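Have a look at upload31.txt; it's compact mmCIF, C-alpha atoms and all ligand atoms:
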```
# COMPACT_ATOMS: atom_id res chain seq x y z
CA MET F 1 -47.24 4.50 -60.46
CA LEU F 2 -48.25 0.93 -60.05
CA ARG F 3 -47.54 1.09 -56.37
CA SER F 4 -49.65 4.15 -55.71
CA LYS F 5 -52.51 2.57 -57.63
CA ALA F 6 -52.32 -0.50 -55.49
CA PHE F 7 -52.18 1.53 -52.30
CA SER F 8 -55.19 3.54 -53.25
CA LEU F 9 -57.06 0.26 -52.89
CA LEU F 10 -55.87 -0.10 -49.33
CA LYS F 11 -58.49 1.94 -47.58
CA PRO F 12 -57.69 3.30 -44.12
CA ILE F 13 -60.60 1.47 -42.55
CA PRO F 14 -61.31 -2.06 -41.34
CA LEU F 15 -58.49 -4.41 -41.90
CA MET F 16 -59.86 -7.53 -40.36
CA SER F 17 -60.24 -10.91 -41.85
CA GLY F 18 -63.52 -12.50 -40.97
CA GLN F 19 -62.76 -15.70 -42.81
CA SER F 20 -59.62 -16.64 -40.99
CA ASN F 21 -60.69 -15.32 -37.61
CA LEU F 22 -57.81 -12.90 -37.62
CA ALA F 23 -58.23 -9.67 -35.80
CA TYR F 24 -56.60 -6.70 -37.44
CA LYS F 25 -56.19 -3.38 -35.84
CA PHE F 26 -57.69 -0.73 -38.00
CA ILE F 27 -57.71 3.00 -38.13
CA HIS F 28 -60.94 4.44 -36.98
CA PRO F 29 -62.15 7.21 -39.30
CA ALA F 30 -62.53 9.44 -36.24
CA ILE F 31 -58.78 9.51 -35.69
CA ALA F 32 -57.87 10.24 -39.25
CA SER F 33 -57.06 13.87 -38.53
CA HIS F 34 -55.16 13.33 -35.30
CA GLY F 35 -51.63 12.90 -36.53
CA HIS F 36 -49.20 11.15 -34.30
CA CYS F 37 -51.22 11.01 -31.15
CA CYS F 38 -53.65 8.77 -32.92
CA HIS F 39 -52.26 5.63 -31.33
CA ARG F 40 -53.85 6.68 -28.06
CA ARG F 41 -57.23 6.91 -29.69
CA SER F 42 -56.90 4.03 -32.05
CA VAL F 43 -59.30 1.15 -31.80
CA ASP F 44 -58.41 -1.78 -29.62
CA TYR F 45 -59.05 -4.42 -32.17
CA ARG F 46 -58.84 -7.31 -29.72
CA GLN F 47 -61.73 -5.78 -27.84
CA ARG F 48 -63.60 -4.87 -30.98
CA TYR F 49 -63.15 -8.29 -32.42
CA LYS F 50 -64.52 -9.80 -29.26
CA THR F 51 -67.59 -7.64 -29.26
CA HIS F 52 -68.26 -7.41 -32.97
CA PRO F 53 -66.86 -10.48 -34.65
CA GLY F 54 -66.98 -10.11 -38.36
CA SER F 55 -68.11 -6.52 -38.38
CA ALA F 56 -66.93 -3.05 -37.51
CA GLY F 57 -69.46 -0.33 -36.94
CA GLY F 58 -71.99 -2.12 -39.11
CA ARG F 59 -69.54 -2.66 -41.92
CA THR F 60 -68.54 -6.05 -43.08
CA ILE F 61 -64.92 -6.61 -42.34
CA SER F 62 -62.83 -7.77 -45.20
CA ALA F 63 -59.22 -8.82 -45.29
CA PRO F 64 -56.71 -6.20 -46.31
CA GLN F 65 -56.25 -6.08 -50.02
CA THR F 66 -54.06 -8.96 -50.87
CA LYS F 67 -51.86 -9.08 -53.88
CA VAL F 68 -52.98 -6.73 -56.55
CA MET F 69 -49.66 -6.93 -58.27
CA ALA F 70 -46.76 -9.27 -58.75
CA GLU F 71 -44.64 -9.91 -55.68
CA GLU F 72 -41.63 -8.05 -57.05
CA GLU F 73 -43.77 -4.97 -57.56
CA LEU F 74 -44.97 -4.82 -53.97
CA PRO F 75 -42.97 -2.58 -51.61
CA GLY F 76 -39.93 -4.42 -50.32
CA VAL F 77 -39.78 -5.39 -46.66
CA LEU F 78 -36.51 -6.57 -45.21
CA ILE F 79 -37.17 -9.13 -42.54
CA LEU F 80 -34.84 -9.52 -39.62
CA ASP F 81 -34.64 -12.62 -37.48
CA ILE F 82 -37.64 -14.41 -38.90
CA GLY F 83 -36.57 -16.41 -41.89
CA GLY F 84 -35.65 -19.67 -40.13
CA ALA F 85 -37.08 -23.09 -40.62
CA HIS F 86 -39.52 -22.65 -37.77
CA GLY F 87 -43.09 -23.25 -38.97
CA VAL F 88 -44.61 -20.47 -36.89
CA LEU F 89 -42.23 -17.92 -38.31
CA GLU F 90 -42.94 -19.13 -41.81
CA ASN F 91 -46.61 -18.42 -41.19
CA LEU F 92 -45.75 -14.88 -40.18
CA ALA F 93 -43.68 -14.49 -43.32
CA ALA F 94 -46.72 -15.63 -45.32
CA LEU F 95 -48.79 -12.86 -43.73
CA LEU F 96 -46.18 -10.28 -44.70
CA LYS F 97 -46.01 -11.65 -48.21
CA LYS F 98 -49.60 -10.65 -48.85
CA HIS F 99 -48.55 -7.02 -48.82
CA PHE F 100 -44.82 -6.89 -49.30
CA HIS F 101 -42.07 -8.31 -51.38
CA LEU F 102 -40.22 -10.17 -48.67
CA ILE F 103 -36.46 -9.85 -48.69
CA THR F 104 -34.39 -11.81 -46.23
CA MET F 105 -31.09 -10.53 -44.90
CA LYS F 106 -29.36 -13.27 -46.86
CA GLU F 107 -31.01 -12.14 -50.11
CA PHE F 108 -30.19 -8.55 -49.34
CA LEU F 109 -26.53 -9.29 -48.73
CA GLN F 110 -26.31 -11.43 -51.87
CA ASN F 111 -27.71 -8.73 -54.13
CA LYS F 112 -27.24 -5.51 -52.23
CA LYS F 113 -27.31 -3.18 -55.21
CA GLU F 114 -30.73 -4.21 -56.49
CA MET F 115 -32.34 -5.03 -53.15
CA SER F 116 -31.31 -1.87 -51.34
CA LYS F 117 -33.45 0.25 -53.67
CA LYS F 118 -36.47 -1.99 -53.22
CA ILE F 119 -36.53 -1.99 -49.45
CA GLN F 120 -39.02 0.53 -48.08
CA SER F 121 -39.62 -1.08 -44.71
CA ILE F 122 -37.96 -3.36 -42.20
CA PHE F 123 -39.93 -5.81 -40.11
CA VAL F 124 -38.32 -6.52 -36.75
CA PHE F 125 -39.59 -9.62 -35.05
CA GLU F 126 -39.44 -9.31 -31.27
CA CYS F 127 -36.63 -7.33 -29.79
CA ARG F 128 -33.54 -9.26 -30.69
CA PRO F 129 -31.99 -7.82 -33.82
CA THR F 130 -30.69 -4.33 -33.74
CA ILE F 131 -30.49 -1.88 -36.60
CA ASP F 132 -27.26 0.00 -37.10
CA ARG F 133 -26.26 3.10 -39.01
CA GLU F 134 -24.48 1.08 -41.68
CA LEU F 135 -27.68 -0.78 -42.56
CA LEU F 136 -29.68 2.44 -42.69
CA GLU F 137 -27.07 4.08 -44.91
CA SER F 138 -27.43 1.27 -47.38
CA LEU F 139 -31.23 1.64 -47.74
CA PRO F 140 -32.00 4.92 -49.56
CA ASN F 141 -35.75 4.25 -49.89
CA LEU F 142 -36.41 3.02 -46.35
CA LYS F 143 -39.43 4.72 -44.78
CA VAL F 144 -40.46 2.65 -41.80
CA ILE F 145 -39.26 0.09 -39.28
CA GLY F 146 -42.20 -2.00 -38.12
CA ASN F 147 -41.31 -3.39 -34.72
CA SER F 148 -43.33 -6.38 -33.69
CA GLY F 149 -43.62 -5.90 -29.93
CA VAL F 150 -44.13 -2.85 -27.77
CA GLY F 151 -40.65 -2.28 -26.32
CA VAL F 152 -38.29 -0.43 -28.65
CA ASP F 153 -35.33 -0.10 -26.31
CA HIS F 154 -33.27 -2.18 -28.76
CA LEU F 155 -33.64 0.53 -31.41
CA ASP F 156 -31.74 3.81 -31.50
CA LEU F 157 -34.76 6.01 -32.18
CA LYS F 158 -32.84 9.26 -32.57
CA MET F 159 -30.40 7.79 -35.04
CA ILE F 160 -33.20 6.13 -37.04
CA SER F 161 -35.21 9.34 -37.10
CA SER F 162 -32.19 11.27 -38.41
CA PHE F 163 -32.57 9.15 -41.58
CA GLY F 164 -36.20 10.30 -41.88
CA VAL F 165 -37.33 6.76 -41.06
CA LYS F 166 -40.37 6.18 -38.84
CA VAL F 167 -40.62 3.49 -36.16
CA THR F 168 -43.86 1.76 -35.20
CA ASN F 169 -44.72 -0.79 -32.51
CA THR F 170 -47.61 -3.09 -31.56
CA PRO F 171 -49.03 -2.07 -28.17
CA HIS F 172 -52.47 -3.57 -28.77
CA ALA F 173 -51.44 -7.08 -29.64
CA VAL F 174 -49.12 -7.47 -26.65
CA ALA F 175 -51.25 -6.11 -23.80
CA ASP F 176 -53.40 -9.12 -22.89
CA PRO F 177 -50.81 -11.89 -23.20
CA THR F 178 -48.23 -9.89 -21.27
CA ALA F 179 -50.72 -9.13 -18.51
CA ASP F 180 -51.53 -12.85 -18.40
CA ILE F 181 -47.87 -13.68 -17.85
CA GLY F 182 -47.71 -11.13 -15.04
CA MET F 183 -50.62 -12.84 -13.33
CA ALA F 184 -49.19 -16.30 -14.04
CA LEU F 185 -45.86 -15.34 -12.46
CA MET F 186 -47.53 -13.78 -9.45
CA LEU F 187 -49.67 -16.85 -8.82
CA ALA F 188 -46.85 -19.30 -9.53
CA SER F 189 -44.52 -17.54 -7.15
CA ALA F 190 -47.15 -17.05 -4.45
CA ARG F 191 -48.19 -20.70 -4.49
CA ARG F 192 -44.70 -22.07 -5.26
CA LEU F 193 -45.94 -23.90 -8.32
CA VAL F 194 -42.54 -24.63 -9.78
CA GLU F 195 -41.28 -26.23 -6.58
CA GLY F 196 -44.57 -28.10 -6.23
CA CYS F 197 -44.22 -29.43 -9.74
CA GLN F 198 -40.65 -30.53 -9.06
CA ILE F 199 -41.77 -32.34 -5.92
CA ALA F 200 -44.66 -34.03 -7.73
CA LEU F 201 -42.32 -35.18 -10.49
CA SER F 202 -39.55 -36.31 -8.20
CA PRO F 203 -39.12 -40.02 -7.44
CA ASP F 204 -39.16 -39.20 -3.72
CA THR F 205 -42.87 -39.02 -3.01
CA LYS F 206 -42.47 -38.16 0.66
CA TYR F 207 -43.10 -34.48 1.06
CA PHE F 208 -44.76 -32.26 3.56
CA ALA F 209 -46.77 -29.37 2.22
CA VAL F 210 -46.17 -27.49 5.48
CA ASP F 211 -42.46 -27.34 4.63
CA TRP F 212 -43.08 -25.13 1.63
CA LEU F 213 -46.12 -23.06 2.31
CA GLY F 214 -47.08 -20.40 -0.16
CA VAL F 215 -48.90 -17.12 0.34
CA GLU F 216 -52.27 -16.01 -0.98
CA VAL F 217 -52.89 -13.59 -3.77
CA THR F 218 -56.56 -13.15 -2.97
CA ARG F 219 -57.13 -9.92 -1.04
CA ALA F 220 -53.39 -9.16 -1.00
CA THR F 221 -52.06 -5.75 -2.08
CA LEU F 222 -50.66 -5.47 -5.58
CA GLY F 223 -48.50 -2.49 -6.49
CA ILE F 224 -48.23 -1.88 -10.22
CA ILE F 225 -45.32 0.29 -11.31
CA GLY F 226 -46.17 1.56 -14.79
CA MET F 227 -49.90 1.70 -15.46
CA GLY F 228 -49.93 1.74 -19.25
CA SER F 229 -52.11 -0.61 -21.24
CA ILE F 230 -50.38 -3.74 -19.91
CA GLY F 231 -50.41 -2.51 -16.31
CA TYR F 232 -54.06 -1.62 -16.64
CA ARG F 233 -54.91 -5.09 -17.87
CA VAL F 234 -53.03 -6.56 -14.93
CA ALA F 235 -55.22 -4.42 -12.67
CA GLN F 236 -58.38 -5.67 -14.40
CA ARG F 237 -57.32 -9.24 -13.77
CA ALA F 238 -56.20 -8.56 -10.17
CA ARG F 239 -59.59 -7.11 -9.38
CA ALA F 240 -61.10 -10.54 -9.90
CA PHE F 241 -58.85 -11.72 -7.06
CA ASP F 242 -60.21 -8.98 -4.77
CA MET F 243 -56.73 -7.52 -4.61
CA ARG F 244 -56.11 -4.05 -3.26
CA ILE F 245 -54.50 -2.30 -6.20
CA LEU F 246 -51.96 0.50 -5.92
CA TYR F 247 -50.20 2.02 -8.87
CA HIS F 248 -47.45 4.46 -9.60
CA ASN F 249 -47.18 6.14 -12.97
CA ARG F 250 -45.68 9.23 -14.50
CA ASN F 251 -49.20 10.34 -15.35
CA ARG F 252 -52.16 9.59 -13.18
CA ARG F 253 -54.93 7.69 -15.02
CA ARG F 254 -58.36 9.23 -15.39
CA LYS F 255 -60.65 8.93 -12.39
CA GLU F 256 -63.11 6.67 -14.25
CA GLU F 257 -60.26 4.35 -15.23
CA GLU F 258 -59.05 4.15 -11.64
CA GLU F 259 -62.55 3.48 -10.41
CA ALA F 260 -63.21 0.82 -13.02
CA VAL F 261 -60.45 -1.35 -11.56
CA GLY F 262 -60.46 0.04 -8.04
CA ALA F 263 -56.86 1.27 -8.30
CA HIS F 264 -55.32 3.84 -5.95
CA TYR F 265 -52.66 6.19 -7.23
CA CYS F 266 -49.40 6.50 -5.30
CA GLU F 267 -47.64 9.66 -6.29
CA LYS F 268 -44.50 8.38 -4.60
CA MET F 269 -43.21 4.98 -5.66
CA GLU F 270 -41.86 4.58 -2.10
CA ASP F 271 -45.41 4.43 -0.71
CA LEU F 272 -46.34 1.68 -3.14
CA LEU F 273 -43.19 -0.31 -2.32
CA GLN F 274 -43.82 -0.11 1.42
CA GLN F 275 -47.43 -1.25 1.25
CA SER F 276 -47.49 -3.94 -1.45
CA ASP F 277 -47.42 -7.70 -1.01
CA PHE F 278 -46.68 -8.07 -4.72
CA VAL F 279 -44.84 -5.42 -6.71
CA MET F 280 -45.19 -5.76 -10.46
CA VAL F 281 -42.91 -3.77 -12.74
CA VAL F 282 -44.46 -2.90 -16.11
CA VAL F 283 -42.56 0.22 -17.24
CA ASN F 284 -40.80 0.75 -20.56
CA LEU F 285 -37.04 0.65 -20.40
CA THR F 286 -35.72 4.19 -20.89
CA PRO F 287 -32.72 6.02 -19.42
CA GLU F 288 -35.07 7.16 -16.62
CA THR F 289 -36.23 3.65 -15.73
CA HIS F 290 -32.82 1.95 -16.01
CA LYS F 291 -32.23 0.27 -12.60
CA LEU F 292 -35.41 1.87 -11.29
CA ILE F 293 -35.56 -0.85 -8.65
CA GLY F 294 -32.26 -1.01 -6.78
CA LYS F 295 -31.00 -1.63 -3.27
CA LYS F 296 -32.91 1.29 -1.77
CA GLU F 297 -36.23 0.30 -3.38
CA LEU F 298 -35.82 -3.37 -2.46
CA GLY F 299 -35.04 -2.22 1.06
CA LEU F 300 -38.40 -0.47 1.25
CA MET F 301 -40.37 -3.58 0.31
CA LYS F 302 -41.94 -5.80 2.95
CA PRO F 303 -39.83 -8.88 3.83
CA THR F 304 -42.88 -10.92 2.85
CA ALA F 305 -43.26 -9.22 -0.53
CA THR F 306 -42.64 -10.61 -4.01
CA LEU F 307 -41.19 -8.69 -6.95
CA ILE F 308 -42.47 -9.50 -10.44
CA ASN F 309 -40.92 -8.09 -13.60
CA ILE F 310 -42.61 -8.30 -17.00
CA SER F 311 -41.00 -5.25 -18.58
CA ARG F 312 -37.25 -5.35 -19.27
CA GLY F 313 -34.48 -6.88 -17.20
CA ALA F 314 -32.48 -3.67 -16.91
CA VAL F 315 -35.18 -1.85 -14.93
CA ILE F 316 -34.01 -3.89 -11.95
CA ASP F 317 -30.51 -3.75 -10.51
CA GLN F 318 -29.87 -7.48 -10.65
CA ASP F 319 -26.92 -7.43 -8.23
CA ALA F 320 -29.12 -5.74 -5.65
CA LEU F 321 -31.86 -8.29 -6.34
CA VAL F 322 -29.49 -11.21 -5.83
CA GLU F 323 -28.48 -9.75 -2.48
CA ALA F 324 -32.08 -9.10 -1.42
CA LEU F 325 -33.13 -12.64 -2.31
CA GLN F 326 -30.07 -14.25 -0.72
CA ASN F 327 -30.62 -12.34 2.52
CA LYS F 328 -34.37 -12.93 2.39
CA ARG F 329 -34.78 -9.15 2.40
CA ILE F 330 -37.79 -9.89 0.21
CA ARG F 331 -39.72 -13.14 -0.03
CA ALA F 332 -39.26 -13.98 -3.71
CA ALA F 333 -38.96 -12.72 -7.27
CA ALA F 334 -40.60 -13.84 -10.50
CA LEU F 335 -38.99 -12.54 -13.67
CA ASP F 336 -39.98 -12.92 -17.29
CA VAL F 337 -37.12 -10.65 -18.29
CA THR F 338 -33.49 -10.46 -17.24
CA TYR F 339 -30.33 -8.77 -18.29
CA PRO F 340 -28.86 -10.28 -20.40
CA GLU F 341 -31.23 -12.84 -21.91
CA PRO F 342 -30.57 -15.61 -21.38
CA LEU F 343 -28.55 -15.23 -18.20
CA PRO F 344 -25.12 -16.88 -18.21
CA ARG F 345 -25.49 -20.35 -16.72
CA ASP F 346 -23.37 -19.44 -13.71
CA HIS F 347 -25.36 -16.30 -12.86
CA PRO F 348 -26.16 -16.10 -9.11
CA LEU F 349 -29.86 -15.52 -9.82
CA LEU F 350 -30.06 -19.03 -11.23
CA LYS F 351 -28.75 -20.51 -7.99
CA LEU F 352 -31.52 -19.15 -5.78
CA SER F 353 -34.52 -21.13 -4.60
CA ASN F 354 -36.82 -18.15 -4.08
CA ILE F 355 -37.01 -17.17 -7.71
CA ILE F 356 -38.91 -18.10 -10.84
CA ILE F 357 -37.47 -17.11 -14.20
CA THR F 358 -39.17 -17.51 -17.56
CA PRO F 359 -37.40 -16.74 -20.84
CA HIS F 360 -39.21 -13.56 -21.95
CA ILE F 361 -42.44 -15.25 -22.97
CA GLY F 362 -44.89 -12.39 -22.38
CA THR F 363 -46.05 -12.50 -25.99
CA ALA F 364 -45.15 -16.07 -26.82
CA THR F 365 -48.61 -17.23 -27.79
CA VAL F 366 -49.95 -18.37 -31.14
CA GLN F 367 -52.46 -15.51 -31.11
CA ALA F 368 -50.08 -12.77 -29.98
CA ILE F 369 -47.34 -13.24 -32.54
CA ARG F 370 -49.89 -13.37 -35.32
CA MET F 371 -51.62 -10.23 -34.08
CA MET F 372 -48.29 -8.49 -33.58
CA THR F 373 -47.39 -9.21 -37.18
CA GLU F 374 -50.76 -7.96 -38.39
CA GLU F 375 -50.48 -4.83 -36.29
CA ALA F 376 -46.98 -4.21 -37.65
CA ILE F 377 -48.21 -4.72 -41.22
CA THR F 378 -51.04 -2.24 -40.67
CA ASN F 379 -48.56 0.31 -39.28
CA MET F 380 -46.06 -0.14 -42.08
CA LEU F 381 -48.72 0.11 -44.78
CA ALA F 382 -50.06 3.29 -43.18
CA VAL F 383 -46.61 4.89 -43.38
CA LEU F 384 -46.04 3.81 -46.98
CA ASN F 385 -49.53 4.88 -47.92
CA GLY F 386 -49.22 8.29 -46.27
CA GLN F 387 -52.08 7.57 -43.89
CA PRO F 388 -52.37 8.24 -40.14
CA ILE F 389 -50.07 5.81 -38.38
CA PRO F 390 -51.81 3.79 -35.66
CA SER F 391 -48.78 3.24 -33.43
CA GLU F 392 -45.78 5.39 -34.15
CA VAL F 393 -42.96 5.67 -31.64
CA PHE F 394 -41.09 8.95 -31.34
CA PRO F 395 -37.57 9.62 -30.11
CA LYS F 396 -37.52 11.57 -26.87
O1 LIG F 401 -41.22 -7.87 -24.83
C1 LIG F 401 -42.15 -7.75 -25.56
C2 LIG F 401 -42.54 -6.51 -26.16
O2 LIG F 401 -41.76 -5.55 -26.12
O3 LIG F 401 -43.65 -6.44 -26.69
```

Let me see the structure of the file written as structure tokens.
Ligand SMILES: O=CC(=O)O
Amino acid sequence: MLRSKAFSLLKPIPLMSGQSNLAYKFIHPAIASHGHCCHRRSVDYRQRYKTHPGSAGGRTISAPQTKVMAEEELPGVLILDIGGAHGVLENLAALLKKHFHLITMKEFLQNKKEMSKKIQSIFVFECRPTIDRELLESLPNLKVIGNSGVGVDHLDLKMISSFGVKVTNTPHAVADPTADIGMALMLASARRLVEGCQIALSPDTKYFAVDWLGVEVTRATLGIIGMGSIGYRVAQRARAFDMRILYHNRNRRRKEEEEAVGAHYCEKMEDLLQQSDFVMVVVNLTPETHKLIGKKELGLMKPTATLINISRGAVIDQDALVEALQNKRIRAAALDVTYPEPLPRDHPLLKLSNIIITPHIGTATVQAIRMMTEEAITNMLAVLNGQPIPSEVFPK
């Protein structure tokens, strides 16, 4: 009773805090009747916040209803992989606490009988922890798993759905920072920034720039494999570098979208691979994209081309990549993701000079993790409140 009263105060419209400069995604009234495809039509709150700070469609934006009841009476959220001593994560926990009774795994395990009934949602921070059948069996009132991050390849969607539990993700919060990392990796690899930095820091100051020449990104051809919201934002950025942009996607984008960034569709991925100076992989990891880039695909790339991966490690056949880099079949690779993460210290990829590897930092910004948490909260509340869910993920 109490819960439904509280939720009736949580209106399905603007959820943005003007005071703290936080940008919440909110459900646009126009999508209210569009069921599960509403995530495609939902409002990009980063964009909206930029253009209408402090307001949404003429309305004053107020923070989501904070506590209207005692913490124990709020719906329980089990948090995975967040409870540590790290200050940033504590801040995220504080955001969750405004709407949920936070239950850590430790608390759950200590008092399983009482806690299991309370837990209605699980908040998964990033993609590390996995959720198994045993955990789901022990949570009779679980309704939603709010994944913070866009990739849900770490979750068994079919199994979760068989428990009647919904899964949501945060595509809006991740798009810009992940596209930024794609650009950063492309530029760093092209201009050999990491090597340059090592040279500048080394005690031996004698170096000859001509010994380690880079290549230029400006006016080069960029091939984007996977033109979803992240890929599209990469294209927007690449346009500022006068790049020729090719893309390959399951579904061709609308003509206006292609024109807006000057992107050319390649129906065959082979065509993109053969023509691109930089190939950026931005697809979701699914059974269809597992090892999408292998020996054959690397063999089609130009010897002067660079491969950049900001999606998931397993979309590239890493053994084939090692071989291609060792034999200089391609110029270089720049990876934000590998398989596994981190790579074992003796992995051959780590021994190569023509590679840059970053430790999966696409969304590792102060802004992104906060927005991801807020987006996840909005999703989870929508499920619990029986409202249209901004970003639900469905099993195939
Ligand atoms: O890797 C990051 C994400 O899935 O959002």

Listed atoms of segment 166-179 of chain F boxed along x, y and z, 6 Å each side, centre and edge lengths in Å, one decimal, as lines of an AutoDock Vina configuration file:
```
center_x = -46.9
center_y = -2.9
center_z = -28.7
size_x = 25.0
size_y = 30.1
size_z = 32.3
```

### Between atom CA of Gly313 of chain F and atom CA of Val337 of chain F, distance in Å (one decimal)
4.7 Å

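All residues, whether protein, DNA or RNA, that have an atom at most 8 Å from ligand LIG 401 (chain F) (counting all atoms listed in the file) are Glu126, Cys127, Ser148, Gly149, Val150, Gly151, Val152, Thr170, Pro171, Val174, Thr178, Ile310, Ser311, Arg312, His360, Ile361, Gly362 and Thr363 of chain F.
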
### Query
If we count only C-alpha atoms, what is near His154 of chain F at a cut-off of 12 Å, once residues fewer than 4 positions away on the same chain are taken out, given as JSON, numbers by chain?
{"F": [124, 125, 126, 127, 128, 129, 130, 131, 132, 147, 148, 149, 150, 160, 167, 284, 285, 286, 312, 314]}

Store the residues picked out above, limited to C-alpha atoms, as a compact mmCIF listing (two decimals), keeping the file's coordinate frame.
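Printed below is selection28.txt as written:
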```txt
# COMPACT_ATOMS: atom_id res chain seq x y z
CA VAL F 124 -38.32 -6.52 -36.75
CA PHE F 125 -39.59 -9.62 -35.05
CA GLU F 126 -39.44 -9.31 -31.27
CA CYS F 127 -36.63 -7.33 -29.79
CA ARG F 128 -33.54 -9.26 -30.69
CA PRO F 129 -31.99 -7.82 -33.82
CA THR F 130 -30.69 -4.33 -33.74
CA ILE F 131 -30.49 -1.88 -36.60
CA ASP F 132 -27.26 0.00 -37.10
CA ASN F 147 -41.31 -3.39 -34.72
CA SER F 148 -43.33 -6.38 -33.69
CA GLY F 149 -43.62 -5.90 -29.93
CA VAL F 150 -44.13 -2.85 -27.77
CA ILE F 160 -33.20 6.13 -37.04
CA VAL F 167 -40.62 3.49 -36.16
CA ASN F 284 -40.80 0.75 -20.56
CA LEU F 285 -37.04 0.65 -20.40
CA THR F 286 -35.72 4.19 -20.89
CA ARG F 312 -37.25 -5.35 -19.27
CA ALA F 314 -32.48 -3.67 -16.91
```

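Excluding Ile355 of chain F itself and same-chain residues fewer than 3 positions from it, the residues having an atom within 10 Å of it are Ser189, Arg192, Val194, Thr306, Leu307, Ile308, Val322, Leu325, Arg331, Ala332, Ala333, Ala334, Leu335, Leu349, Leu350, Lys351 and Leu352 of chain F, counting all atoms listed in the file.
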
Please dump the current selection as a tab-separated table (two decimals), in the coordinates of the input; keep C-alpha atoms.
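Below is the file part_33.tsv, written as the result:
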```tsv
chain	number	residue	atom	x	y	z
F	189	SER	CA	-44.52	-17.54	-7.15
F	192	ARG	CA	-44.70	-22.07	-5.26
F	194	VAL	CA	-42.54	-24.63	-9.78
F	306	THR	CA	-42.64	-10.61	-4.01
F	307	LEU	CA	-41.19	-8.69	-6.95
F	308	ILE	CA	-42.47	-9.50	-10.44
F	322	VAL	CA	-29.49	-11.21	-5.83
F	325	LEU	CA	-33.13	-12.64	-2.31
F	331	ARG	CA	-39.72	-13.14	-0.03
F	332	ALA	CA	-39.26	-13.98	-3.71
F	333	ALA	CA	-38.96	-12.72	-7.27
F	334	ALA	CA	-40.60	-13.84	-10.50
F	335	LEU	CA	-38.99	-12.54	-13.67
F	349	LEU	CA	-29.86	-15.52	-9.82
F	350	LEU	CA	-30.06	-19.03	-11.23
F	351	LYS	CA	-28.75	-20.51	-7.99
F	352	LEU	CA	-31.52	-19.15	-5.78
```

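Of the residues listed (F:Ser161, F:Asn111, F:Asn309, F:Gln275), F:Asn309 shows the shortest atom-to-atom separation from Ala179 of chain F; distances use all atoms listed in the file.
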
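In this model, the gap between atom CA of Tyr247 of chain F and atom CA of Gly226 of chain F comes to 7.2 Å.
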
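Nearest to Ala175 of chain F of all the residues F:Gly231, F:Gly76, F:Gly146, F:Pro359 is F:Gly231, based on only C-alpha atoms.
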
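Relative to atom CA of Ile79 of chain F, atom CA of Leu102 of chain F is found at 6.9 Å.
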
Distance query Phe100 of chain F at most 6 Å, all atoms listed in the file, self and fewer than 2 positions along chain excluded, as a short mmCIF file (atom, residue, chain, number, x, y, z; two decimals) with C-alpha atoms, keeping the file's coordinate frame:
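Full text of around.cif as output:
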```
data_model
loop_
_atom_site.label_atom_id
_atom_site.label_comp_id
_atom_site.auth_asym_id
_atom_site.auth_seq_id
_atom_site.Cartn_x
_atom_site.Cartn_y
_atom_site.Cartn_z
CA LEU F 74 -44.97 -4.82 -53.97
CA PRO F 75 -42.97 -2.58 -51.61
CA GLY F 76 -39.93 -4.42 -50.32
CA VAL F 77 -39.78 -5.39 -46.66
CA LEU F 96 -46.18 -10.28 -44.70
CA LYS F 97 -46.01 -11.65 -48.21
CA LEU F 102 -40.22 -10.17 -48.67
#
```

### Message
So that I can see what lies close to Val217 of chain F, please list as a list in words the residues with an atom at most 8 Å from it, counting only C-alpha atoms and leaving out residues fewer than 5 positions away in the same chain.
### Response
Met186, Leu187, Ala190, Phe241 and Met243 of chain F

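Of the residues under consideration (F:Asn249, F:Asn141, F:Asn385, F:Asn91), F:Asn141 shows the shortest atom-to-atom contact distance to Glu114 of chain F when counting all atoms listed in the file.
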
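If you measure from each of F:Lys295, F:Arg237, F:Pro348, F:Ser162 to Pro177 of chain F using only C-alpha atoms, the closest one turns out to be F:Arg237.
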
#### Entry: Contact residues around Met380 of chain F with all atoms listed in the file at 12 Å, ignoring same-chain residues under 2 positions, as an MDAnalysis selection string
chainID F and resid 75:78 96 99:100 120:124 142:148 165:170 373:378 382:392

### Task
Counting all atoms listed in the file, note down every residue that has an atom within 8 Å of the point (-58.2, -11.9, -3.6) (file coordinates), as a PyMOL selection string.
chain F and resi 216-220+238-243

#### Entry: For Arg252 of chain F, the nearest of the candidates F:Val279, F:Ile369, F:Met227, F:Val210, counting all atoms listed in the file
F:Met227
